[in-house]
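Shown next, in structure tokens, is the structure this report addresses.
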Amino acid sequence: MLEIKIKQDLSHKNINIMQVQVNEPLLDGNEKKYLNECIDTGWISSEGPFIKQFENGLATYLNRKHAIAVSNGTVAIDIAIDALDLKIGDEIIMPTFTIISCVSGLIKKGCIPVFVDQEPDTWNMNVDQIESKITSRTKAIMVVHIYGLPVEMNKVLEIATKYNLKIIEDAAEMHGQEYLGKKCGSFGDISTLSFYPNKHITTGEGGMVLTDNDELANKCRSLRNLCFIPEQRFLHYELGYNARMTNMQAAIGLAQLERIDSFVEKKRWIGKKYTEQLKHVTSLQFPLEKTTFAENIYWVYGVVIKDNQIMDAKEAMEKFADAGIGTRPFFWGLHEQPVLKHYNINVDGSFPISEHMSRQGFYLPSGLAITESQINYVCDTLLKIFK
Ligand SMILES: Cc1ncc(COP(=O)(O)O)c(C=O)c1O
């Protein structure tokens with residue numbers, strides 16, 4: 001049975017001034033108890049016992065041999081890139097529509113991102129564009145599952161095998177999602193997660209690197225901890241990061257992990273509630289409920305205004321803000337990022353789907369703590385804005 005904690009919403013009598021945050025996490029399990037243990041025992045640093053418990057719990061949940069807890073999802077990707085030993089001039093094929101975190105480590109290393117556009121219906125990378133972008137310099141494919149549906153992984157795996165390419169899988173937004181029954185986060189040579197508070201499970205700030213390869217796992221562990229060596233602690237042969245997660249973050253993460261399946265259920269419930277009430281609005285595109293390989297887990301509930309003559313996302317978001325409702329814009333395509341010019345990255349190709357999504361897309365309040373009456377208020381407001 002769906003076990004959802006719907007908080008009593010005391011403001012329903014005064015619905016016009018209801019405030020709906022774009023994202024509020026649920027921290028009503030063992031979070032406080034485990035945090036108190038950290039304080040009572042004095043284990044607040046990365047050496048504490050919750051780190052291993054959280055890592056082992058996630059490794060088991062995702063069926064991976066190694067899970068390495070780090071301080072955020074961005075540095076998880078940086079560490080993955082370093083561990084795979086990508087070098088100056090190596091090309092990595094990746095979606096353009098994602099967060100800057102996916103590309104910043106690559107660019108700083110002198111690697112060359114090669115972008116593919118998105119699919120108009122799933123909003124994920126268009127895997128049919130990958131093969132035509134492969135050159136003798138291509139070393140890896142970076143997969144980023146976007147907003148709630150997984151990338152078409154069988155096609156990616158087939159291409160990676162055919163051309164002997166590594167897969168970096170960013171499953172930051174895909175906790176608990178499966179592709180044909182296999183968990184997202186279990187597909188990459190290295191996969192990464194983020195635990196920012198808008199994620200299905202959170203640690204405040206935090207991330208995880210996942211792999212089945214012992215050598216890669218050792219490298220990642222060393223990289224997260226400044227590449228200290230056991231024989232002579234302050235002697236360094238390599239440069240790493242201080243990307244350690246604290247025991248307090250892991251304590252929250254463990255408590256969250258205990259309830260991950262119910263969180264996924266709640267997110268699906270949120271998604272269904274929105275779709276039920278909004279699906280008749282013909283000027284908007286809504287998330288697909290499912291594909292042939294997965295059911296949406298609605299990391300966020302995105303909407304895209306189909307016609308830019310009606311209004312753009314910015315204008316719509318302002319109207320929601322006037323009604324006390326928090327929203328967020330969609331990502332801005334990496335191929336359009338001004339910073340790429342500073343690094344002399346030339347972008348080939350056209351990316352009309354991403355460009356449309358960036359300008360016309362935004363997401364509605366989608367946090368785990370949202371109540372049914374808040375969802376109803378957001379829907380009523382949307383129906384007024386797009387009447
Ligand atoms: C797809 C994706 N990758 C990476 C990140 C970065 O994670 P963090 O904010 O923990 O650095 C995010 C953050 O939202 C994300 O959505």
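In the structure tokens, chains take letters A, B, ... by order of appearance, with residues numbered from 1 within each chain and ligands from 1 in the order shown.
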Near-Gln256 in chain A list (8 Å; only C-alpha atoms; drop same-chain fewer than 5 positions) as a PyMOL selection string = chain A and resi 27+29-31+201-202
Could those residues be written to a file, using N, CA, C and O atoms, as a compact mmCIF listing (two decimals), in the first residue's frame?
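Now in out39.txt:
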```
# COMPACT_ATOMS: atom_id res chain seq x y z
N LEU A 27 12.17 14.77 6.24
CA LEU A 27 13.24 14.36 7.16
C LEU A 27 12.62 13.79 8.43
O LEU A 27 13.09 14.06 9.53
N GLY A 29 12.08 10.54 9.37
CA GLY A 29 12.38 9.15 9.74
C GLY A 29 13.40 9.13 10.86
O GLY A 29 13.27 9.84 11.86
N ASN A 30 14.48 8.36 10.66
CA ASN A 30 15.52 8.23 11.70
C ASN A 30 16.60 9.32 11.62
O ASN A 30 17.64 9.19 12.27
N GLU A 31 16.37 10.34 10.80
CA GLU A 31 17.42 11.36 10.60
C GLU A 31 17.90 11.94 11.94
O GLU A 31 19.10 12.00 12.21
N ILE A 201 16.67 11.07 -2.36
CA ILE A 201 17.21 11.01 -1.00
C ILE A 201 18.31 12.07 -0.87
O ILE A 201 19.06 12.31 -1.80
N THR A 202 18.35 12.67 0.30
CA THR A 202 19.28 13.81 0.48
C THR A 202 20.19 13.61 1.68
O THR A 202 19.87 12.85 2.61
```
Nearby residues, ligand 1, 10 Å, only C-alpha atoms and all ligand atoms, as a PyMOL selection string | chain A and resi 70-77+97-103+143-147+169-174+192-199+202-208+299+331
Best match for closeness to Gly176 in chain A among A:Trp123, A:Phe386, A:Tyr298, A:Tyr237, counting only C-alpha atoms =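 When distances to Gly176 in chain A are compared using only C-alpha atoms, the smallest one comes from A:Tyr298.
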Of the candidates A:Gly110, A:Pro287, A:Gly57, A:Gly240, which shows the shortest atom-to-atom distance to Asn344 in chain A, using only C-alpha atoms?
->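 Ranked by minimum distance to Asn344 in chain A, first place goes to A:Gly110.
Separating CA of Ala59 in chain A from CA of Gln249 in chain A is a distance of 16.9 Å.
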Between CA of Gln285 in chain A and CA of Asn308 in chain A, what is the distance, to one decimal in Å?
->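 Those two atoms sit 12.5 Å apart.
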Can you list every residue in range 8-125 of chain A that DSSP puts in alpha helix (DSSP H), as a PyMOL selection string?
-> chain A and resi 31-41+49-62+73-83+101-108
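Excluding range 210-217 of chain A and any residue on its chain fewer than 3 positions from it, the residues at most 6 Å away by only C-alpha atoms are Arg64, Lys65, His66, Ala67, Ile190, Ser191 and Cys220 of chain A.
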Counting only C-alpha atoms, figure out which residue out of A:Asp40, A:Glu265, A:Asp117, A:Glu91 gets nearest to Ile353 in chain A.
->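 Selected residue with least distance to Ile353 in chain A: A:Asp117.
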Pick from A:Asp78, A:Glu158, A:Glu355, A:Asp189, whichever lies nearest to Val304 in chain A using only C-alpha atoms |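 Closest candidate: A:Glu355.
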To one decimal place, how far is CA of Phe286 in chain A from CA of Arg359 in chain A in Å?
->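 It comes out at 15.2 Å.
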Considering only C-alpha atoms, return as a list in words whatever protein or nucleic-acid residues lie within 12 Å of Leu239 in chain A, sequence-local ones (same chain, fewer than 5 positions apart) excluded.
-> Ile79, Asp82, Ala83, Lys219, Cys220, Ser222, Leu223, Arg224, Asn225, Leu226, Cys227, Phe228, Ile229 and Phe234 of chain A
Could the residues in this selection be written to a file with all heavy atoms, as a short mmCIF file (atom, residue, chain, number, x, y, z; two decimals), in the first residue's frame?
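Writing done, so here's result38.cif:
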```
data_model
loop_
_atom_site.label_atom_id
_atom_site.label_comp_id
_atom_site.auth_asym_id
_atom_site.auth_seq_id
_atom_site.Cartn_x
_atom_site.Cartn_y
_atom_site.Cartn_z
N ILE A 79 35.63 13.33 -9.95
CA ILE A 79 36.43 12.18 -9.51
C ILE A 79 36.32 11.04 -10.53
O ILE A 79 37.30 10.38 -10.86
CB ILE A 79 36.01 11.75 -8.09
CG1 ILE A 79 36.54 12.78 -7.08
CG2 ILE A 79 36.50 10.35 -7.75
CD1 ILE A 79 36.11 12.55 -5.65
N ASP A 82 38.59 11.84 -13.42
CA ASP A 82 40.00 11.64 -13.06
C ASP A 82 40.33 10.16 -12.97
O ASP A 82 41.38 9.71 -13.43
CB ASP A 82 40.29 12.27 -11.69
CG ASP A 82 40.63 13.75 -11.81
OD1 ASP A 82 40.45 14.29 -12.91
OD2 ASP A 82 41.06 14.34 -10.80
N ALA A 83 39.42 9.40 -12.37
CA ALA A 83 39.70 7.97 -12.17
C ALA A 83 39.79 7.24 -13.52
O ALA A 83 40.58 6.31 -13.67
CB ALA A 83 38.62 7.35 -11.30
N LYS A 219 41.08 4.13 -6.81
CA LYS A 219 41.47 5.47 -7.28
C LYS A 219 40.49 6.52 -6.76
O LYS A 219 40.89 7.61 -6.33
CB LYS A 219 41.42 5.50 -8.82
CG LYS A 219 42.68 5.01 -9.49
CD LYS A 219 42.63 5.46 -10.94
CE LYS A 219 43.58 4.65 -11.79
NZ LYS A 219 43.41 4.92 -13.21
N CYS A 220 39.20 6.20 -6.83
CA CYS A 220 38.19 7.18 -6.38
C CYS A 220 38.34 7.47 -4.89
O CYS A 220 38.22 8.62 -4.46
CB CYS A 220 36.78 6.67 -6.67
SG CYS A 220 36.41 6.60 -8.42
N SER A 222 41.05 7.30 -3.15
CA SER A 222 42.24 8.11 -2.97
C SER A 222 41.98 9.55 -3.41
O SER A 222 42.32 10.51 -2.71
CB SER A 222 43.38 7.47 -3.79
OG SER A 222 44.50 8.30 -3.75
N LEU A 223 41.31 9.70 -4.57
CA LEU A 223 41.03 11.04 -5.09
C LEU A 223 40.15 11.87 -4.14
O LEU A 223 40.32 13.07 -4.04
CB LEU A 223 40.36 10.94 -6.47
CG LEU A 223 41.29 10.58 -7.63
CD1 LEU A 223 40.48 10.08 -8.83
CD2 LEU A 223 42.14 11.79 -8.04
N ARG A 224 39.20 11.20 -3.47
CA ARG A 224 38.33 11.99 -2.57
C ARG A 224 39.08 12.46 -1.34
O ARG A 224 38.65 13.35 -0.63
CB ARG A 224 37.09 11.18 -2.18
CG ARG A 224 37.23 10.38 -0.92
CD ARG A 224 36.00 9.79 -0.37
NE ARG A 224 36.35 8.57 0.34
CZ ARG A 224 35.51 7.70 0.81
NH1 ARG A 224 34.23 7.89 0.65
NH2 ARG A 224 35.92 6.63 1.43
N ASN A 225 40.21 11.84 -1.06
CA ASN A 225 40.92 12.15 0.17
C ASN A 225 42.34 12.65 -0.12
O ASN A 225 43.31 12.15 0.45
CB ASN A 225 40.93 10.92 1.08
CG ASN A 225 41.35 11.26 2.50
OD1 ASN A 225 41.25 12.42 2.91
ND2 ASN A 225 41.81 10.26 3.23
N LEU A 226 42.42 13.61 -1.05
CA LEU A 226 43.67 14.33 -1.34
C LEU A 226 44.84 13.46 -1.79
O LEU A 226 45.98 13.90 -1.79
CB LEU A 226 44.09 15.17 -0.12
CG LEU A 226 43.17 16.33 0.24
CD1 LEU A 226 43.51 16.88 1.62
CD2 LEU A 226 43.25 17.45 -0.78
N CYS A 227 44.52 12.21 -2.17
CA CYS A 227 45.57 11.27 -2.61
C CYS A 227 46.68 11.11 -1.56
O CYS A 227 47.87 11.01 -1.90
CB CYS A 227 46.15 11.68 -3.97
SG CYS A 227 44.96 11.66 -5.30
N PHE A 228 46.27 11.10 -0.30
CA PHE A 228 47.23 10.71 0.75
C PHE A 228 47.66 9.27 0.47
O PHE A 228 46.87 8.48 -0.06
CB PHE A 228 46.56 10.71 2.13
CG PHE A 228 46.24 12.08 2.67
CD1 PHE A 228 44.95 12.38 3.12
CD2 PHE A 228 47.23 13.06 2.78
CE1 PHE A 228 44.65 13.63 3.63
CE2 PHE A 228 46.92 14.32 3.30
CZ PHE A 228 45.63 14.61 3.72
N ILE A 229 48.89 8.92 0.82
CA ILE A 229 49.27 7.50 0.70
C ILE A 229 49.53 6.94 2.10
O ILE A 229 50.04 7.66 2.97
CB ILE A 229 50.50 7.27 -0.23
CG1 ILE A 229 51.69 8.13 0.20
CG2 ILE A 229 50.13 7.50 -1.68
CD1 ILE A 229 52.98 7.75 -0.50
N PHE A 234 51.92 12.51 4.20
CA PHE A 234 51.96 13.82 3.54
C PHE A 234 52.88 13.85 2.32
O PHE A 234 53.36 14.91 1.91
CB PHE A 234 52.31 14.90 4.56
CG PHE A 234 51.18 15.11 5.56
CD1 PHE A 234 51.29 14.70 6.88
CD2 PHE A 234 49.98 15.67 5.14
CE1 PHE A 234 50.25 14.86 7.77
CE2 PHE A 234 48.92 15.84 6.03
CZ PHE A 234 49.05 15.43 7.34
#
```
Quick one: DSSP strand (DSSP E) residues in range 206-291 of chain A, as a count of residues only?
-> 7
Write out as a Markdown table a residue-level contact list of range 247-349 of chain A versus range 178-181 of chain A with cut-off 10 Å: for each qualifying residue the closest pair of atoms and the distance in Å to one decimal, counting only C-alpha atoms, rows sorted by chain and residue number upward.
```
| residue | atom | partner | partner_atom | distance |
| --- | --- | --- | --- | --- |
| A:Thr291 | CA | A:Tyr179 | CA | 9.9 |
| A:Thr292 | CA | A:Leu180 | CA | 8.4 |
| A:Phe293 | CA | A:Leu180 | CA | 5.0 |
| A:Ala294 | CA | A:Tyr179 | CA | 5.6 |
| A:Glu295 | CA | A:Glu178 | CA | 8.2 |
| A:Asn296 | CA | A:Glu178 | CA | 9.5 |
| A:Ile297 | CA | A:Glu178 | CA | 9.4 |
```
